[in-house]
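Heads up, the thing below is written out as structure tokens.
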Amino acid sequence: MATLLELRRRVRSVKNMRQITRAMKLVAGAKLRRAQDSMLAARPYSEKMWDVLGELAANSEQNVTHPLLEVRDVKRITAVVITSDRGLCGAFNTNVIRYATRALETWSDTETHVVAAGRKGWDHFRRGSIQVDKADDDLLKNLSYPRAAAVARYLIELYENKETDAVYLIYNEFVSALRQNLVVEPLLPIRELPFGGVEGATFRQAARAYAEAQVAGSEHAGFGAVGTTATALGESMAEAASFDPGTPTEIIDYIYEPSGQAIINELLPRFAEAQVFQALLESSAAEHAARMAAMDSATKNAEELIDDLTLTMNKLRQEAITNEILEVVGGAAALS
Amino acid sequence: MADTLLLNVVTPVGKIVDAQVVELTAPGLDGEFGILPRHARYMTALGVGELRYRTTDGAEETLAVAGGFAEVSQDQVNVLAQTAEDAAMIDVARAEAALQRAEARLAQPAEGVDVGRASIAVEKSLVRLRVAKARGIKPTYQPIVTTEMPIPGADADGTE
């Protein structure tokens, strides 16, 4: 049985811990708000980007070509795993790493390669047998568009040099302050958008859902053939839009300056950059949300523990006092 | 509907402009261009320069933009810029410092210095400073005719 002094010490130490977790919760809350703001601020840009790309794909007369649109036989897959730099954020990192590991297992027929954004992912994957690259150390600490763009350019270069044949982003998507969603999102090649009036956002969701389904279920065993993925996806999207390829849809002539091809050349890398930036922002907001939730429950646990300990302590003290009184009474009784 | 354009300027850090405008000029990759309502569908890559527009109530605004695209369709102009800042957002001291740095790099091109990038940096800083300065001396009540603001270095007045 613990002594009174020991209990008092423990209560004090738990109180200190509660103070720390509470402070961390508040800090995470403030950071979350900021991360959420910049995430929302970046959204119109990526959305417009989808629109423009969609219209460009739908309206260009000649088939545009670009290295980033070229779908190859997949011999090598690059997975960009976005974790956090710091811990104490609940299952945030564990979840995304587990998810990524599952994805890598699905792709085990193919050579895989991981790009770790965030220290936690790097710490985990560098111990494994898969080749790992590390993103800039400062990437998450000072997240900015130029930094995200540098990562995207690195991936683009890999793809253009045929050092990889498919690039996926695996990260925690921010849903709400209480919920994160694990996603795997195809980044490269940029799937050619199906012609017709399919909304960019819808396409993106479909592309993502497809990739997710493949990681989740084993029924799509032939994951190696991402080329067929694109075709199947295009078909399903075309169906969804009830698009009949036989009849030409309304094609509105754009004036392109300098040329449609030049714009595509400029647009596609920007597009990949924006997608990477968005993913990093989402992950960062999700991280702060996860940390806030973790610290909130830690604070609650500390409070519970303090209550318990205080109760035991009071009981013990009461017991000691009772004993003392009994002793005094007993002693007085013995004297009389 | 047909007499105004909806101008949207978005960048990765946020939406900068969302306004009804009567005209605008923007720096295309091949020189400045102007857009009026009922413009044909148009898509272009943007260079570095000033994006000017006049809103429906006659106020003229200038933004410093660099890189990206502009898309014109159905009386709507979407500008997706890498950066876009109005006078209030520009940090003059920072732009001046950047200008000096870039000019120093150009004056003495050391090994590994990307001359193209440095000159773009010079251009960006100059545009920023110009936009910030123009704001400082601009009368707010007079209607301003766009063509009275000559742009050094760009000779096209950019009417389509």
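Chain lettering (A, B, ...) mirrors the order of the structure tokens, residue numbering begins at 1 for each chain separately, and ligand numbering begins at 1 in order of display.
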
With only C-alpha atoms considered, list every residue of chain B at most 7 Å from chain A, as a VMD selection string. chain B and resid 10 to 15 41 to 45 80

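By only C-alpha atoms, and with residues fewer than 3 positions from segment 284-292 of chain A along its chain excluded, the set lying at most 6 Å from it is Lys25, Ala28, Leu32, Ala35, Gln36, Cys89, Phe174, Ala177, Gln180, Leu281, Met295 and Asp296 of chain A.
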
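When only C-alpha atoms are used to compute distances to Leu140 of chain A, the closest of the residues A:Asp73, A:Glu282, A:Glu319, A:Asp85 turns out to be A:Asp85.
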
Considering only C-alpha atoms, return as number ranges by chain whatever protein or nucleic-acid residues lie within 12 Å of Asp165 of chain A, sequence-local ones (same chain, fewer than 2 positions apart) excluded. A: 67-79, 110-113, 155-163, 167-168, 186-190, 224-227

Please produce an output containing C-alpha atoms for each residue in the selection, written as a PDB file, in the first residue's frame.
```pdb
ATOM      1  CA  PRO A  67       5.215  12.944 -70.736  1.00  0.00           C
ATOM      2  CA  LEU A  68       3.064  13.231 -67.629  1.00  0.00           C
ATOM      3  CA  LEU A  69       0.009  11.935 -69.461  1.00  0.00           C
ATOM      4  CA  GLU A  70       1.784   8.930 -70.855  1.00  0.00           C
ATOM      5  CA  VAL A  71       0.574   5.743 -69.219  1.00  0.00           C
ATOM      6  CA  ARG A  72       3.261   3.084 -69.216  1.00  0.00           C
ATOM      7  CA  ASP A  73       3.537  -0.508 -68.122  1.00  0.00           C
ATOM      8  CA  VAL A  74       4.058  -0.231 -64.428  1.00  0.00           C
ATOM      9  CA  LYS A  75       7.385  -1.684 -63.427  1.00  0.00           C
ATOM     10  CA  ARG A  76       8.044   0.610 -60.559  1.00  0.00           C
ATOM     11  CA  ILE A  77       5.695   2.411 -58.204  1.00  0.00           C
ATOM     12  CA  THR A  78       6.533   5.378 -56.046  1.00  0.00           C
ATOM     13  CA  ALA A  79       4.464   5.933 -52.945  1.00  0.00           C
ATOM     14  CA  THR A 110       6.130  -4.482 -58.703  1.00  0.00           C
ATOM     15  CA  GLU A 111       9.244  -2.759 -57.628  1.00  0.00           C
ATOM     16  CA  THR A 112       8.257  -0.144 -55.070  1.00  0.00           C
ATOM     17  CA  HIS A 113       9.874   2.956 -53.813  1.00  0.00           C
ATOM     18  CA  LEU A 155       8.497  13.354 -58.555  1.00  0.00           C
ATOM     19  CA  ILE A 156       7.889  14.740 -62.031  1.00  0.00           C
ATOM     20  CA  GLU A 157      11.538  14.346 -62.822  1.00  0.00           C
ATOM     21  CA  LEU A 158      11.489  10.739 -61.656  1.00  0.00           C
ATOM     22  CA  TYR A 159       8.526  10.098 -63.862  1.00  0.00           C
ATOM     23  CA  GLU A 160       9.901  11.842 -66.890  1.00  0.00           C
ATOM     24  CA  ASN A 161      13.209  10.008 -66.575  1.00  0.00           C
ATOM     25  CA  LYS A 162      11.224   6.776 -66.392  1.00  0.00           C
ATOM     26  CA  GLU A 163      12.634   5.999 -62.995  1.00  0.00           C
ATOM     27  CA  VAL A 167       3.220   7.846 -58.285  1.00  0.00           C
ATOM     28  CA  TYR A 168       0.680   7.692 -55.498  1.00  0.00           C
ATOM     29  CA  PRO A 186      -2.922   8.736 -57.916  1.00  0.00           C
ATOM     30  CA  LEU A 187      -0.638  11.627 -58.774  1.00  0.00           C
ATOM     31  CA  LEU A 188       1.239  10.524 -61.872  1.00  0.00           C
ATOM     32  CA  PRO A 189       0.644   9.804 -64.639  1.00  0.00           C
ATOM     33  CA  ILE A 190      -2.019  12.447 -64.801  1.00  0.00           C
ATOM     34  CA  GLY A 224       0.308  -4.124 -61.719  1.00  0.00           C
ATOM     35  CA  ALA A 225      -1.604  -3.070 -64.770  1.00  0.00           C
ATOM     36  CA  VAL A 226      -2.378   0.497 -63.946  1.00  0.00           C
ATOM     37  CA  GLY A 227      -2.805   1.092 -67.639  1.00  0.00           C
TER      38      GLY A 227
END
```

May I ask which of the residues A:Val80, A:Val183, A:Leu280, A:Leu169 is the closest one to Arg147 of chain A, counting only C-alpha atoms? A:Leu280

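All residues of protein, DNA or RNA that reach within 12 Å of Arg94 of chain B, judged by only C-alpha atoms and not counting those fewer than 4 positions away in the chain, are Met89, Ile90, Ala98, Leu99, Gln100, Arg101, Lys124, Ser125, Leu126, Arg128, Leu129 and Ala132 of chain B.
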
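Relative to atom CA of Arg86 of chain A, atom CA of Met17 of chain A is found at 18.2 Å.
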
Going by DSSP on the backbone, which bits of segment 13-154 of chain B are alpha helix (DSSP H)? Write them as a ChimeraX atom specification, please. /B:92-107,115-137

Near-Val77 of chain B list (9 Å; only C-alpha atoms; drop same-chain fewer than 6 positions) as a VMD selection string: chain B and resid 5 to 9 35 70 to 71

As a count of residues only, please: the residues near Val11 of chain A (cut-off 9 Å, only C-alpha atoms, same-chain neighbours under 6 positions excluded). 5

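You will find atom CA of Leu51 of chain B at 11.2 Å from atom CA of Val17 of chain B.
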
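Between atom CA of Gly54 of chain A and atom CA of Leu268 of chain A the separation is 11.6 Å.
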
Compile the contact shell of segment 92-102 of chain A as a PyMOL selection string: residues with an atom at most 7 Å away, counting only C-alpha atoms, same-chain residues fewer than 6 positions apart removed. chain A and resi 81+83-84+120-121+170-172+182+215+287+290

Among segment 29-179 of chain A, which ones does DSSP place in strand (DSSP E), written as a PyMOL selection string? chain A and resi 76-82+111-117+131-134+166-176+179

Based on the selection just made, write C-alpha atoms of those residues as a PDB file, in the first residue's frame.
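Saved result, part-v4.pdb, follows:
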```pdb
ATOM      1  CA  ARG A  76       8.044   0.610 -60.559  1.00  0.00           C
ATOM      2  CA  ILE A  77       5.695   2.411 -58.204  1.00  0.00           C
ATOM      3  CA  THR A  78       6.533   5.378 -56.046  1.00  0.00           C
ATOM      4  CA  ALA A  79       4.464   5.933 -52.945  1.00  0.00           C
ATOM      5  CA  VAL A  80       4.672   9.298 -51.271  1.00  0.00           C
ATOM      6  CA  VAL A  81       3.799   8.692 -47.636  1.00  0.00           C
ATOM      7  CA  ILE A  82       2.923  11.792 -45.689  1.00  0.00           C
ATOM      8  CA  GLU A 111       9.244  -2.759 -57.628  1.00  0.00           C
ATOM      9  CA  THR A 112       8.257  -0.144 -55.070  1.00  0.00           C
ATOM     10  CA  HIS A 113       9.874   2.956 -53.813  1.00  0.00           C
ATOM     11  CA  VAL A 114       8.823   5.191 -50.958  1.00  0.00           C
ATOM     12  CA  VAL A 115       9.214   8.919 -50.606  1.00  0.00           C
ATOM     13  CA  ALA A 116       8.772   9.814 -46.968  1.00  0.00           C
ATOM     14  CA  ALA A 117       7.439  13.257 -46.199  1.00  0.00           C
ATOM     15  CA  GLN A 131      14.186   1.955 -51.145  1.00  0.00           C
ATOM     16  CA  VAL A 132      13.290   5.168 -49.363  1.00  0.00           C
ATOM     17  CA  ASP A 133      13.837   8.789 -50.217  1.00  0.00           C
ATOM     18  CA  LYS A 134      13.382  11.538 -47.759  1.00  0.00           C
ATOM     19  CA  ALA A 166       3.264   5.507 -61.239  1.00  0.00           C
ATOM     20  CA  VAL A 167       3.220   7.846 -58.285  1.00  0.00           C
ATOM     21  CA  TYR A 168       0.680   7.692 -55.498  1.00  0.00           C
ATOM     22  CA  LEU A 169       0.127   9.944 -52.529  1.00  0.00           C
ATOM     23  CA  ILE A 170      -0.802   8.236 -49.279  1.00  0.00           C
ATOM     24  CA  TYR A 171      -1.918  10.497 -46.511  1.00  0.00           C
ATOM     25  CA  ASN A 172      -4.466  11.458 -43.888  1.00  0.00           C
ATOM     26  CA  GLU A 173      -7.175  13.566 -45.369  1.00  0.00           C
ATOM     27  CA  PHE A 174      -8.757  16.109 -43.113  1.00  0.00           C
ATOM     28  CA  VAL A 175     -12.474  15.497 -42.738  1.00  0.00           C
ATOM     29  CA  SER A 176     -13.282  17.323 -39.540  1.00  0.00           C
ATOM     30  CA  ARG A 179     -12.086  12.637 -38.166  1.00  0.00           C
TER      31      ARG A 179
END
```
